[in-house]
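What follows is a short report on a single structure.
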Amino acid sequence: METTAERMLTGNKAMAEAIAQEMERDPNVFVMGEDVGKYGGIFGSTEGLLKKFGPSRVLDTPISETAFIGAAIGAAAEGMRPIAELMFVDFFGVCMDQIYNHMAKIHYMSGGSVKIPMVLMTAVGGGYNDAAQHSQTLYATFAHLPGMKVVAPSTPYDLKGMMISAIRDDNPVVFMFHKSLQGLGWMDPIDAAIGPVPEAPYTVPLGKAKVVRPGKDVTIVALQMMTHYALEAADRLAEQGIEAEVIDLRSLVPLDRETILQSVRKTHRLVVVDEDYRSYGVTAEVAALAAEEAMYDLEAPIRRLAIPDVPIPYSRPLEQRIIPGPQSIFDTVVKLMEE
Amino acid sequence: METTAERMLTGNKAMAEAIAQEMERDPNVFVMGEDVGKYGGIFGSTEGLLKKFGPSRVLDTPISETAFIGAAIGAAAEGMRPIAELMFVDFFGVCMDQIYNHMAKIHYMSGGSVKIPMVLMTAVGGGYNDAAQHSQTLYATFAHLPGMKVVAPSTPYDLKGMMISAIRDDNPVVFMFHKSLQGLGWMDPIDAAIGPVPEAPYTVPLGKAKVVRPGKDVTIVALQMMTHYALEAADRLAEQGIEAEVIDLRSLVPLDRETILQSVRKTHRLVVVDEDYRSYGVTAEVAALAAEEAMYDLEAPIRRLAIPDVPIPYSRPLEQRIIPGPQSIFDTVVKLMEE
Amino acid sequence: MTVPLPKLKWMYEQMVKIRYYEETMVAVYAEGKQPVFNIGAGTVPGEMHLAAGQEPAAVGICAHLQKKDTVTAPHRPHHHAIAKGVDLKRMTAEIFGKKTGLGKGKGGHMHLFDPHVKFSCGGIIAAGIPHAAGAALAAKMKGKDSVAVAFVGEGAANAGAFHETLNLAALWKLPLIVVIEDNAYGISVPKSESTAVKTNDRRAAAYGIPGVYVEDNDPVEMYRVSEEAVDRARRGEGPSIIEIETYRYLGHFQGDPEIYRNPEEVPLLRKKDPIHRLITLLEEQSVSSGELEQMEIRARQEVDEAYEFARNSSYPDPAEALEDVFHRAEVNV
Amino acid sequence: MTVPLPKLKWMYEQMVKIRYYEETMVAVYAEGKQPVFNIGAGTVPGEMHLAAGQEPAAVGICAHLQKKDTVTAPHRPHHHAIAKGVDLKRMTAEIFGKKTGLGKGKGGHMHLFDPHVKFSCGGIIAAGIPHAAGAALAAKMKGKDSVAVAFVGEGAANAGAFHETLNLAALWKLPLIVVIEDNAYGISVPKSESTAVKTNDRRAAAYGIPGVYVEDNDPVEMYRVSEEAVDRARRGEGPSIIEIETYRYLGHFQGDPEIYRNPEEVPLLRKKDPIHRLITLLEEQSVSSGELEQMEIRARQEVDEAYEFARNSSYPDPAEALEDVFHRAEVNV
Ligand SMILES: Cc1ncc(C[n+]2csc(CCOP(=O)(O)OP(=O)(O)O)c2C)c(N)n1
Ligand SMILES: Cc1ncc(C[n+]2csc(CCOP(=O)(O)OP(=O)(O)O)c2C)c(N)n1
Ligand SMILES: [Mg+2]
Ligand SMILES: [Mg+2]
């Protein structure tokens, strides 16, 4: 019985709402980054915040990622709860030291005496021809290094709920949002970028994957855009009589090993799909997990679909060749079922 | 018939000799980095070079990794063949942008019209209580990102031969040398850090793994210190009647898939040992490769031994707990043989 | 000082060419993005940063450069590329993502490489400065008198790479000139909210090198100070900083809503257009309006031909995505 | 100016304590590393960077700090930690890798955290500067008048983080003081081969802030300029740079062959020892030699007790390696 129409929000508005609600709830929460103020974030993640909270809590920064992310760390150590935006994840290389050697390690190196409760949010993903330095996801680059949670939600609902969880978490959280799932007016409009989002604050736990489509024949593990492509592929596979179970990872650290293993133990077949580079990446970790823990349950080799080990090319036909899509997922599963 | 006594060199001297010989051979080769001059490199990799070649070809730099690695890229694009030293791999975070977004991608982004023939050499590894910011290997952090070769030799012979190959390669090569394998006077003296090294220049190909001990019962894939520990474990396993085949990866990019797969197809069991963090790391990639390509050949689950996902702790008992060693390799294999 | 007439003409023709190139791009970029703007659609997808109004920075110094000199540019690179003499056809084809492009379609608008004239650019703020220093170092090591120029925006002067490289270059007396284009904004952030000093020439003091500030987008003054800096570099006396106040007529990128600036700002800037200024100067030196027109026609024709070439070229084959990762090797998939 | 007598005494006692702490560490660090030096062996393994001779930098400014003020230090942190009032027992236990250490043995000598006195340090050059700026930002946001001091070596002033953070701090008028200890070397590289300007106070011009250079390791002058900088910061007027010429008596780290410096250098420096200078000043102010001796005894006793405490503490259990990665969670292995 539906009594009220569900409220629909785009990904970016869901994120901005989460941040706004937490800023209202806790005076220690503040936002900093390039163009997070008047502009509202290049990918809209801070839309409306400057107006609501003013420039003392929504800080535009110089192009100085090491300085301002480092300052966020220093402020977090003093009990603030900063949300720092790294505009594109591709820029991590100018400030990774602060992220992985300090943000991620201070809690451990201090024997737990210093907490760094901060969120590093950053835009990931390609598919719109922004070329080699503006199209990466770098999921595994972050997930490989210990001490930070790494999450990558796929729906407006999860963007809001996981952002609230991230802000309330006492640990550093790298919050990756996919540009194509922000629902921005200047991007390819896709259905998945808009969805039901309750207005009242709520949390979605970090570290839990989600079975977004149950199935019995094969498990497809994916995240962000690849989840949506996997769902498209699953629809078409169903027409062929193949029931794929699709798992949206949502979180890379902690990785929800149980949800993956349960599914593999049920379906006996595993395909992992990733928008990051293939080697030493997410597909490797999930495949290795199954090869360690569910080897006897597997009835076929594991299949990995990811960006081949090439920088993201600019030209449309080239980029389309290297990012997995519904078709390549479909083809891979069909072939695997023949094994 | 041995006619001449083999010449024995430490790892660092093997490296320095390779560089010296290439500098003599090619006036475009030069070295830059912190303390590479008078000091001869903190880990001895440039010992004696300043004296031989003078300060115009052996350049001490300020603590400005972005500037000097970036300058190496710019010089390489102009036809020079720089060897830049990043003193500890742990410092990559202050200069990764230059490394992964430029050094590694320029050849591709330029459609092959600009070559970046440079070597980025860097010290890796722990085991001597240098704590969380000076003990990492970060193998997978580099190997995950496309466009650079990533090698990690384990013997003085390979250090020399692979360094010469790296300098002559027209592509950017990340050359990781393990501190413990340099044979330095102030480190724990270990046998593996000294070995036969021919004086005349020679090359060892990049991208080729090496079976360093043949065996039929189980494959142990390892690199650098882990190779030596695996060999120790294999000796003890042999006493128990278990014949382990040990593969020294030597190169992470390109990865020698064939050598690994051949071995696994023969032994039907795989253990991967790594001194990098476990998740999304080298053990995952090698395990995934086997799960993709040799699934039907495996008779037991794959086992991974690596640094658990924790920053490297300082205190001796803590550090010893988290770095794999001969004992944990031995135990893992024994247990696996019971599967 | 007066600019020698041939140089003044060269600057004029380049500025006209750049302006027309960028204005043409405004239209081409919009193709396939109407009625609803979609960044990934149309003839030219991806981000597009145009430099209409910023021509003086590029031509004022490139007038002193030769083929052997290196230029590195940032995300907004067309004016530098054109002034440095990059192959316009192959550059445009690259921006169209075509196989005939400078990078065979792999690089795109932010990643143009033309080794024949030693030009490169990239999308990471300030990252090109060390590359230019490296070219300067190579020149020095080889005993050549070539120089390197790194162009950046005023926002880039706050990045660590700026500081590290200028210190290195000053220390080693590298023939490097860093040109800072102060177009008042880094995306939406005004200079006053990003930079602790009013002008970045003051930062030269941190390296013991000369620094100058060129006011009001003046191409002639830019020519003059560049001559000094380039000569100094060629003489082996080390690096300099030049900052020029310049005007960004368009948005940060095409599609920028520009909510952060007063709508009256650009019309006022356009009134002071540097191309008009050059016309006045040329007329003062008795260059006929016929000759000016000829130059403009020639410039436009070159641009039109480049766009034609790009349009008529074909896309790369998808399989080519896997080539060129390594020199003489294909990627293993 | 004259330093108020209680402050002068405080500085003297701290300097004596620091010196004795470092000299004791020389011996303790050597334990188990003879006859053959092995960095990973002995009572205290790993790298060891000592600060004997550099006391004035730490005490001159810490004399103006309170518990609420933040200090971040680099890889050579003992003098700053002691001057800031870090728990000496737990600090020493940490350096011994003991469970009672500040970080339960996880951090070690380069990673000392004492949140009670807002002290931290780290092993990456210049990385602590932004952390101090963040503490300063937090103070500003909370409306407090506390300040933050980032200590770095002169080598660190060439790192990008230095520039980025000073610009940010100047822009936002953060209560930050960056203290640069010019001990003439970054490991083996002399300042003249790493830094394009003679003194780093000149770099203050790049941020429009005050910069001063203290010559000859003078603790009194350091006290004086620090007072100005700290007061300015507390008043909300923004950051300052202080560089002090100081002396590194020991190697870069213990075990450093020091082939890069003249063996006569250190004996000459030791002749100008700042502790002797303070003794002279105290005597001038009629402090008796008996009182001086008392202070020294007290300082040494505190140090001895700290080493005792460390020595007698037990090592952590190996399983603890897996704890503390995340707050309230153990790692999954
Ligand atoms: C390291 C890095 N940080 C952020 C960005 C995103 N970004 C692209 S252009 C730009 C503004 C640059 O401003 P400025 O240097 O003044 O150049 P302009 O765009 O005005 O020409 C920013 C922040 C980037 N590309 N690289
Ligand atoms: C980013 C980074 N690069 C290099 C190093 C290695 N390193 C440790 S101490 C040091 C020299 C530091 O010199 P300075 O800042 O003058 O401090 P000092 O040792 O003289 O106290 C270097 C290069 C490092 N720790 N971090
Ligand atoms: Mg600008
Ligand atoms: Mg120093």
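Residues in the structure tokens are numbered from 1 in each chain, the chains being A, B, ... in the order shown, and ligands are numbered from 1 in the order shown.
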So which residues touch Ala135 in chain C within 12 Å, counting only C-alpha atoms, skipping near sequence neighbours fewer than 5 positions away, as a PyMOL selection string?
(chain B and resi 68+70-80+82) or (chain C and resi 68-72+115+118-120+128-130+140-142+144-150+169+174-177)
Please identify all protein, DNA and RNA residues within 12 Å of ligand 3, counting only C-alpha atoms and all ligand atoms, and report them as number ranges by chain.
A: 62-63; C: 49-51, 54, 74-76, 125-126, 151-158, 180-195, 243-253
Those of range 106-281 of chain B in DSSP strand (DSSP E or B), formatted as a ChimeraX atom specification
/B:119-124,149-151,173-178,194-196,210-213,218-222,244-248,251-253,270-277
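One finds CA of Glu264 in chain D at 26.1 Å from CA of Lys17 in chain D.
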Should the cut-off be 9 Å, what would the residue list for chain A against chain D look like, counting only C-alpha atoms, as JSON, numbers by chain?
{"A": [28, 56, 57, 61, 62, 63, 64, 65, 66, 67, 68, 69, 70, 71, 72, 73, 74, 75, 76, 77, 78, 79, 80, 97, 98, 101, 102, 104, 105, 106, 107, 108, 109, 110, 111, 112, 113, 114, 115, 146, 147, 148, 149, 169, 170, 171, 172, 254]}
When you look at range 289-296 of chain A with a cut-off of 8 Å (counting only C-alpha atoms), what residues show up, excluding the ones that are within fewer than 4 positions of it in the same chain? I need them as a ChimeraX atom specification.
/A:257,261,264-265,285 /B:284,287-288,291,300-304
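For Pro55 in chain A, the list of residues within 10 Å, based on only C-alpha atoms and with local chain neighbours fewer than 3 positions off taken out, reads Phe30, Val31, Met32, Gly37, Lys38, Leu49, Leu50, Lys51, Lys52, Val58, Leu59 and Asp60 of chain A.
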